[in-house]
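Notes follow once the structure below has been shown.
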Number of protein chains: 2
Amino acid sequence: MDDRVRRHAETLVDWSARIEAGDDVIVSLDEGTHELGVAVARLLGERGANPVFLRQSGELTRAYLHGYADFDGEFESDPAHELALCESADAYLSIRGGHNTTAMADVPGETRQAHAKATQAIRQARLATDWVSTIHPTRSLAQQAGMAYEEYQDFVYDAVLRDWESLAAEMAQMKEILDDGEEVRIVRENTDITMSIAGRTAVNSAASVAYDSHNLPSGEVFTAPVADSVEGEVHFDVPMTINDTRVRDVHLTFEAGEVVEFAAAAGEEVLADLLETDTGACRLGELGIGMNRSIDRFTDNILFDEKMGDTVHLALGRAYDACLPEGESGNDSAIHTDMITDVSGDSRLEVDGEVVQRNGTFRWEDGFTA
Amino acid sequence: MDDRVRRHAETLVDWSARIEAGDDVIVSLDEGTHELGVAVARLLGERGANPVFLRQSGELTRAYLHGYADFDGEFESDPAHELALCESADAYLSIRGGHNTTAMADVPGETRQAHAKATQAIRQARLATDWVSTIHPTRSLAQQAGMAYEEYQDFVYDAVLRDWESLAAEMAQMKEILDDGEEVRIVRENTDITMSIAGRTAVNSAASVAYDSHNLPSGEVFTAPVADSVEGEVHFDVPMTINDTRVRDVHLTFEAGEVVEFAAAAGEEVLADLLETDTGACRLGELGIGMNRSIDRFTDNILFDEKMGDTVHLALGRAYDACLPEGESGNDSAIHTDMITDVSGDSRLEVDGEVVQRNGTFRWEDGFTA
């Protein structure tokens with residue numbers, strides 16, 4: 001076994017999910033993830049935890065959803081056995097991989113949405129555990145990234161096998177700036193946007209449930225802007241895939257928090273559909289600062305893309321509760337779609353008028369002042 | 001997809017497990033069973049059932065058990081999440097396959113037994129559902145059977161894709177004879193054994209939960225002898241694998257129900273260990289008549305071997321409750337090990353002194369009388 005697989009498992013079990021003796025753990029294994037699954041199984045044994053292994057597969061889900069289309073009835077709400085499983089679990093490790101990222105391409109959007117809607121309580125139960133999402137590098141994900149298999153493995157392990165304590169310490173500086181700040185401004189070509197973050201709490205997303213962070217790799221600091229406060233225009237030059245469609249060069253204009261104009265060089269129709277999902281879909285739910293510089297290129301996988309060093313992302317849709325004052329609800333929506341801007345070139349990120357990041361360099365890196 | 005895979009899924013879901021709309025179903029998928037899994041997923045959708053897919057894997061289990069050996073503690077009893085899952089399920093479809101039938105060969109027997117003992121309530125919960133075990137033909141199982149892959153596929157589908165209603169009707173005749181009978185005698189070379197079956201109920205094992213039958217394929221009629229009544233000697237000329245060891249030509253002598261002498265041409269030590277498991281291990285728990293003539297050879301897989309046409313098997317150990325009068329308990333043991341005798345040659349099976357099967361032919365097939 002590649003020693004990096006074993007170290008990935010250790011990072012997942014110990015640093016990310018903080019598994020302890022007696023923990024009841026669900027391990028969801030996608031196709032092609034057996035090797036990491038075996039390494040995780042061994043560690044869960046060593047830690048005295050109790051695993052249940054689930055099979056995740058786009059092809060199984062596709063077959064089930066297509067089958068249901070021939071059944072004369074509606075999806076049952078939150079089947080009791082799956083709900084009981086998730087409600088009784090302490091942690092949920094989702095190991096994604098797969099052999100075809102478009103395995104579900106011919107399942108109608110309405111069917112996927114109806115099924116997602118019918119299983120909301122199960123999803124809530126899963127999110128109430130110490131859950132962590134990661135990936136095992138498969139050839140299919142390498143293909144999605146446009147990379148050779150071995151090249152992609154190197155990329156993934158560079159991003160995952162970080163010194164997370166050290167990165168967490170660096171990111172804590174950004175969290176402190178955002179927690180103390182009231183207004184954020186992002187300026188670069190075709191972009192000048194401001195938003196209030198007053199009263200909001202940033203998450204130092206250091207790839208561990210101990211940091212309210214549930215992705216491995218992570219490496220971003222994010223908060224929830226006050227949705228109505230967003231003003232200005234923003235250009236997202238990093239491409240993305242929405243519902244199996246490539247979308248490029250999205251340009252959005254906000255007034256009083258709402259998207260009032262939109263355009264895209266490719267996939268504009270998908271963007272239009274997205275904005276019509278519900279009222280929350282044309283408002284921002286997240287401002288995130290990508291700080292994992294081991295992620296140095298776009299690989300068409302949001303788990304990685306949004307953490308890319310020297311990028312900023314804004315998400316249309318749902319805000320994360322962790323960023324909101326106790327009892328306050330943020331922007332609500334059925335969607336949460338991240339859009340990314342490269343800030344490595346001529347650009348600046350300001351908080352309360354002070355420059356925090358300029359041309360991809362943070363204030364604490366070269367001590368510049370506004 | 002091979003049309004036989006689709007028909008296997010239909011037999012499993014409709015004939016065997018009798019899945020209905022709203023059923024909460026667990027589908028446990030071994031390595032290499034994806035194709036049958038997809039066919040089952042589609043059908044579960046068509047029937048309006050709710051599947052949870054589990055990953056079964058000797059390699060995952062091995063890694064976990066080896067890991068646990070490094071943990072300073074004992075296996076926890078029946079982890080809550082897995083117990084809740086099984087207790088809330090209506091049906092459990094176990095699809096075995098795998099890439100290596102000896103994947104767990106280096107896990108010490110005590111470790112396997114300790115883990116099995118710690119998860120008894122989970123196993124009971126599983127057995128309380130409408131559970132069915134089947135296999136998807138993998139190259140590993142073909143190898144275990146000593147067959148080419150395509151040859152093995154033909155063998156498996158011949159055994160599984162039977163006209164089960166018709167076989168059930170034929171087997172009903174044997175069930176009636178055993179239900180009415182009081183004493184069974186089996187005579188062939190090196191074999192003359194008698195046992196009481198008075199008051200016991202035979203199971204017409206027609207591969208459906210509607211028949212108290214939980215194997216696909218099935219095709220046997222079995223009952224529980226009165227353990228203390230077994231007298232005589234029996235030779236098992238069909239080989240078997242016990243704890244990864246090949247055992248051949250077992251010869252047992254019974255007095256007052258107990259094994260008083262034993263021998264084997266190969267694996268005698270494993271046999272000796274088996275008999276020492278507990279007091280029930282040297283008494284019989286089952287008498288079974290193999291009646292699936294599509295299973296025409298030994299393939300070293302008990303799911304198939306014990307149903308082979310023109311064979312009789314006796315099991316050391318635990319009796320099945322379905323064969324016992326209400327409230328009565330049968331022979332109890334941690335083991336249930338089937339041993340098989342070929343009765344296609346010079347042999348006879350008698351019930352209350354009347355010949356029921358002679359040289360592999362049943363009474364109703366040629367009308368012979370004792």
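In the structure tokens, each chain is lettered A, B, ... as it comes, each chain's residues begin at 1, and ligands are numbered from 1 in order of appearance.
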
Once you count only C-alpha atoms, what closest atom pair and distance in Å to one decimal does each residue of chain B within 8 Å of chain A have, with rows by chain and rising residue number, as a Markdown table?
```
| residue | atom | partner | partner_atom | distance |
| --- | --- | --- | --- | --- |
| B:Gly22 | CA | A:Glu76 | CA | 7.2 |
| B:Asp24 | CA | A:His81 | CA | 6.4 |
| B:Leu29 | CA | A:Arg55 | CA | 7.7 |
| B:Gly37 | CA | A:Leu60 | CA | 7.0 |
| B:Val38 | CA | A:Leu60 | CA | 5.1 |
| B:Ala39 | CA | A:Ala63 | CA | 7.3 |
| B:Ala41 | CA | A:Tyr64 | CA | 4.7 |
| B:Arg42 | CA | A:Tyr64 | CA | 4.4 |
| B:Leu43 | CA | A:Gly67 | CA | 6.1 |
| B:Leu44 | CA | A:Tyr64 | CA | 6.6 |
| B:Gly45 | CA | A:Tyr68 | CA | 4.0 |
| B:Glu46 | CA | A:Gly67 | CA | 4.4 |
| B:Arg47 | CA | A:Phe71 | CA | 6.1 |
| B:Gly48 | CA | A:Phe71 | CA | 5.9 |
| B:Asn50 | CA | A:Pro79 | CA | 6.5 |
| B:Val52 | CA | A:Glu82 | CA | 6.5 |
| B:Phe53 | CA | A:Arg55 | CA | 5.2 |
| B:Leu54 | CA | A:Leu54 | CA | 4.2 |
| B:Arg55 | CA | A:Arg55 | CA | 5.0 |
| B:Gln56 | CA | A:Phe53 | CA | 7.4 |
| B:Glu59 | CA | A:Val38 | CA | 6.8 |
| B:Leu60 | CA | A:Val38 | CA | 5.1 |
| B:Thr61 | CA | A:Ala41 | CA | 7.5 |
| B:Ala63 | CA | A:Arg42 | CA | 4.5 |
| B:Tyr64 | CA | A:Arg42 | CA | 4.4 |
| B:Leu65 | CA | A:Gly45 | CA | 6.3 |
| B:His66 | CA | A:Arg42 | CA | 6.7 |
| B:Gly67 | CA | A:Gly45 | CA | 4.2 |
| B:Tyr68 | CA | A:Gly45 | CA | 4.0 |
| B:Ala69 | CA | A:Glu46 | CA | 7.2 |
| B:Asp70 | CA | A:Glu46 | CA | 5.4 |
| B:Phe71 | CA | A:Glu46 | CA | 4.8 |
| B:Asp72 | CA | A:Gly48 | CA | 7.9 |
| B:Gly73 | CA | A:Gly48 | CA | 7.1 |
| B:Phe75 | CA | A:Gly48 | CA | 7.6 |
| B:Glu76 | CA | A:Gly22 | CA | 7.2 |
| B:Pro79 | CA | A:Asn50 | CA | 6.5 |
| B:Ala80 | CA | A:Ser88 | CA | 6.1 |
| B:His81 | CA | A:Ser88 | CA | 4.6 |
| B:Glu82 | CA | A:Leu85 | CA | 6.4 |
| B:Ala84 | CA | A:Ala84 | CA | 5.6 |
| B:Leu85 | CA | A:His81 | CA | 4.8 |
| B:Cys86 | CA | A:His81 | CA | 7.0 |
| B:Glu87 | CA | A:His81 | CA | 7.6 |
| B:Ser88 | CA | A:His81 | CA | 4.6 |
| B:Ala89 | CA | A:His81 | CA | 5.4 |
```

Using N, CA and C atoms, can you write the selected residues to a file as a compact mmCIF listing (two decimals), in the first residue's frame?
```txt
# COMPACT_ATOMS: atom_id res chain seq x y z
N GLY B 22 -42.76 0.25 0.12
CA GLY B 22 -42.56 0.76 1.48
C GLY B 22 -41.61 -0.05 2.33
N ASP B 24 -38.38 -1.36 4.01
CA ASP B 24 -37.04 -0.83 4.28
C ASP B 24 -36.05 -1.98 4.16
N LEU B 29 -23.53 -5.73 -0.12
CA LEU B 29 -22.85 -6.04 -1.37
C LEU B 29 -21.39 -6.38 -1.12
N GLY B 37 -25.91 -5.89 -7.93
CA GLY B 37 -26.36 -4.78 -7.08
C GLY B 37 -27.15 -3.75 -7.87
N VAL B 38 -26.66 -3.40 -9.05
CA VAL B 38 -27.35 -2.41 -9.89
C VAL B 38 -28.73 -2.94 -10.31
N ALA B 39 -28.78 -4.21 -10.70
CA ALA B 39 -30.06 -4.80 -11.11
C ALA B 39 -31.05 -4.84 -9.94
N ALA B 41 -30.95 -2.77 -7.30
CA ALA B 41 -31.30 -1.38 -7.00
C ALA B 41 -32.45 -0.91 -7.90
N ARG B 42 -32.34 -1.24 -9.16
CA ARG B 42 -33.39 -0.82 -10.12
C ARG B 42 -34.74 -1.42 -9.72
N LEU B 43 -34.74 -2.74 -9.41
CA LEU B 43 -35.99 -3.41 -9.05
C LEU B 43 -36.57 -2.87 -7.74
N LEU B 44 -35.70 -2.57 -6.78
CA LEU B 44 -36.19 -2.02 -5.51
C LEU B 44 -36.88 -0.69 -5.76
N GLY B 45 -36.33 0.09 -6.71
CA GLY B 45 -37.01 1.32 -7.11
C GLY B 45 -38.37 1.02 -7.73
N GLU B 46 -38.40 0.09 -8.64
CA GLU B 46 -39.66 -0.25 -9.33
C GLU B 46 -40.72 -0.73 -8.35
N ARG B 47 -40.29 -1.39 -7.27
CA ARG B 47 -41.25 -1.92 -6.29
C ARG B 47 -41.61 -0.88 -5.23
N GLY B 48 -40.97 0.27 -5.27
CA GLY B 48 -41.26 1.30 -4.27
C GLY B 48 -40.68 0.99 -2.90
N ASN B 50 -37.22 0.89 -0.13
CA ASN B 50 -36.21 1.86 0.30
C ASN B 50 -34.92 1.15 0.66
N VAL B 52 -30.89 0.57 1.70
CA VAL B 52 -29.61 1.05 2.20
C VAL B 52 -28.58 0.03 1.72
N PHE B 53 -27.51 0.49 1.10
CA PHE B 53 -26.50 -0.42 0.57
C PHE B 53 -25.32 -0.49 1.53
N LEU B 54 -25.04 -1.70 2.02
CA LEU B 54 -23.88 -1.92 2.87
C LEU B 54 -22.75 -2.51 2.05
N ARG B 55 -21.50 -2.21 2.48
CA ARG B 55 -20.35 -2.81 1.86
C ARG B 55 -19.87 -3.97 2.72
N GLN B 56 -19.93 -5.18 2.16
CA GLN B 56 -19.38 -6.37 2.81
C GLN B 56 -18.06 -6.67 2.12
N GLU B 59 -11.73 -8.16 3.08
CA GLU B 59 -10.53 -7.35 3.31
C GLU B 59 -10.78 -6.21 4.30
N LEU B 60 -11.95 -5.60 4.25
CA LEU B 60 -12.28 -4.57 5.23
C LEU B 60 -12.39 -5.19 6.63
N THR B 61 -13.07 -6.33 6.70
CA THR B 61 -13.25 -6.99 8.00
C THR B 61 -11.91 -7.43 8.57
N ALA B 63 -8.94 -6.12 7.98
CA ALA B 63 -8.18 -4.94 8.42
C ALA B 63 -8.70 -4.46 9.77
N TYR B 64 -10.02 -4.43 9.91
CA TYR B 64 -10.62 -3.97 11.17
C TYR B 64 -10.24 -4.90 12.32
N LEU B 65 -10.36 -6.21 12.08
CA LEU B 65 -10.06 -7.17 13.16
C LEU B 65 -8.58 -7.15 13.53
N HIS B 66 -7.70 -7.03 12.54
CA HIS B 66 -6.27 -6.91 12.84
C HIS B 66 -5.99 -5.62 13.62
N GLY B 67 -6.66 -4.55 13.21
CA GLY B 67 -6.49 -3.28 13.91
C GLY B 67 -6.89 -3.40 15.37
N TYR B 68 -8.03 -4.05 15.59
CA TYR B 68 -8.55 -4.18 16.95
C TYR B 68 -7.58 -4.93 17.87
N ALA B 69 -6.79 -5.84 17.26
CA ALA B 69 -5.82 -6.59 18.05
C ALA B 69 -4.80 -5.65 18.69
N ASP B 70 -4.59 -4.46 18.06
CA ASP B 70 -3.65 -3.48 18.61
C ASP B 70 -4.32 -2.52 19.59
N PHE B 71 -5.65 -2.65 19.75
CA PHE B 71 -6.37 -1.77 20.67
C PHE B 71 -6.47 -2.48 22.01
N ASP B 72 -6.31 -1.71 23.06
CA ASP B 72 -6.32 -2.31 24.39
C ASP B 72 -7.76 -2.34 24.90
N GLY B 73 -8.51 -3.32 24.43
CA GLY B 73 -9.90 -3.41 24.87
C GLY B 73 -10.60 -4.56 24.19
N PHE B 75 -14.07 -6.14 22.10
CA PHE B 75 -15.11 -5.69 21.17
C PHE B 75 -16.34 -5.25 21.94
N GLU B 76 -16.87 -4.11 21.53
CA GLU B 76 -18.09 -3.60 22.15
C GLU B 76 -19.26 -4.47 21.72
N PRO B 79 -22.84 -2.61 18.53
CA PRO B 79 -22.84 -1.16 18.36
C PRO B 79 -24.23 -0.63 17.98
N ALA B 80 -24.60 0.48 18.61
CA ALA B 80 -25.98 0.99 18.52
C ALA B 80 -26.43 1.31 17.11
N HIS B 81 -25.50 1.87 16.29
CA HIS B 81 -25.95 2.31 14.96
C HIS B 81 -26.27 1.12 14.07
N GLU B 82 -25.44 0.06 14.14
CA GLU B 82 -25.69 -1.12 13.30
C GLU B 82 -26.93 -1.88 13.80
N ALA B 84 -29.51 -0.55 15.39
CA ALA B 84 -30.70 0.24 15.04
C ALA B 84 -31.05 0.04 13.56
N LEU B 85 -30.03 -0.01 12.72
CA LEU B 85 -30.26 -0.23 11.29
C LEU B 85 -30.98 -1.56 11.06
N CYS B 86 -30.45 -2.61 11.66
CA CYS B 86 -31.02 -3.95 11.42
C CYS B 86 -32.39 -4.10 12.08
N GLU B 87 -32.54 -3.52 13.24
CA GLU B 87 -33.84 -3.64 13.93
C GLU B 87 -34.94 -2.90 13.20
N SER B 88 -34.57 -1.88 12.42
CA SER B 88 -35.60 -1.10 11.71
C SER B 88 -35.83 -1.61 10.29
N ALA B 89 -35.12 -2.65 9.88
CA ALA B 89 -35.24 -3.11 8.49
C ALA B 89 -36.30 -4.19 8.35
```

Name the residues in contact with Arg246 of chain A at a cut-off of 9 Å, using only C-alpha atoms, excluding same-chain residues fewer than 4 positions from it; report them as a count of residues only. 6

Could you pull out all residues of segment 39-272 of chain A with a DSSP call of strand (DSSP E) and give them as a VMD selection string? chain A and resid 50 to 55 91 to 96 130 to 135 183 to 188 191 to 196 203 to 205 220 to 223 231 to 236 240 to 242 245 to 247 250 to 255 258 to 263

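Each of A:Gly290, A:Gly330, A:Gly317, A:Gly58 was compared to Pro217 of chain A using only C-alpha atoms, and A:Gly290 turns out to be the nearest.
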
Which residues come within 7 Å of Thr253 of chain B, counting only C-alpha atoms, excluding same-chain residues fewer than 4 positions away, as a count of residues only? 7

Would you pick out the contacts of Thr361 of chain B at 12 Å or less, using only C-alpha atoms, so that residues sharing its chain but fewer than 6 positions from it are not included, and give the list as a ChimeraX atom specification? /B:291,293,309-311,343-349,355,367-369

Residues just named, written with C-alpha atoms as an mmCIF file, in the first residue's frame:
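Output file again_27.cif follows:
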```cif
data_model
loop_
_atom_site.group_PDB
_atom_site.id
_atom_site.type_symbol
_atom_site.label_atom_id
_atom_site.label_comp_id
_atom_site.auth_asym_id
_atom_site.auth_seq_id
_atom_site.Cartn_x
_atom_site.Cartn_y
_atom_site.Cartn_z
ATOM 1 C CA MET B 291 -33.221 -31.788 -4.310
ATOM 2 C CA ARG B 293 -30.651 -31.283 -9.556
ATOM 3 C CA GLY B 309 -29.504 -33.233 -6.225
ATOM 4 C CA ASP B 310 -29.205 -36.814 -4.941
ATOM 5 C CA THR B 311 -27.361 -35.945 -1.764
ATOM 6 C CA VAL B 343 -26.840 -40.991 -2.544
ATOM 7 C CA SER B 344 -26.922 -41.166 -6.341
ATOM 8 C CA GLY B 345 -25.329 -44.645 -6.273
ATOM 9 C CA ASP B 346 -26.206 -47.778 -4.336
ATOM 10 C CA SER B 347 -28.152 -46.378 -1.372
ATOM 11 C CA ARG B 348 -31.512 -45.973 0.242
ATOM 12 C CA LEU B 349 -33.327 -43.491 2.429
ATOM 13 C CA VAL B 355 -37.972 -46.650 1.031
ATOM 14 C CA GLY B 367 -43.494 -45.598 -8.098
ATOM 15 C CA PHE B 368 -41.376 -48.260 -6.395
ATOM 16 C CA THR B 369 -42.516 -49.467 -3.002
#
```

Among the residues of segment 118-273 of chain A, find those DSSP assigns to alpha helix (DSSP H) from the backbone and print them as a PyMOL selection string. chain A and resi 118+120-127+139-145+149-160+164-180+268-273
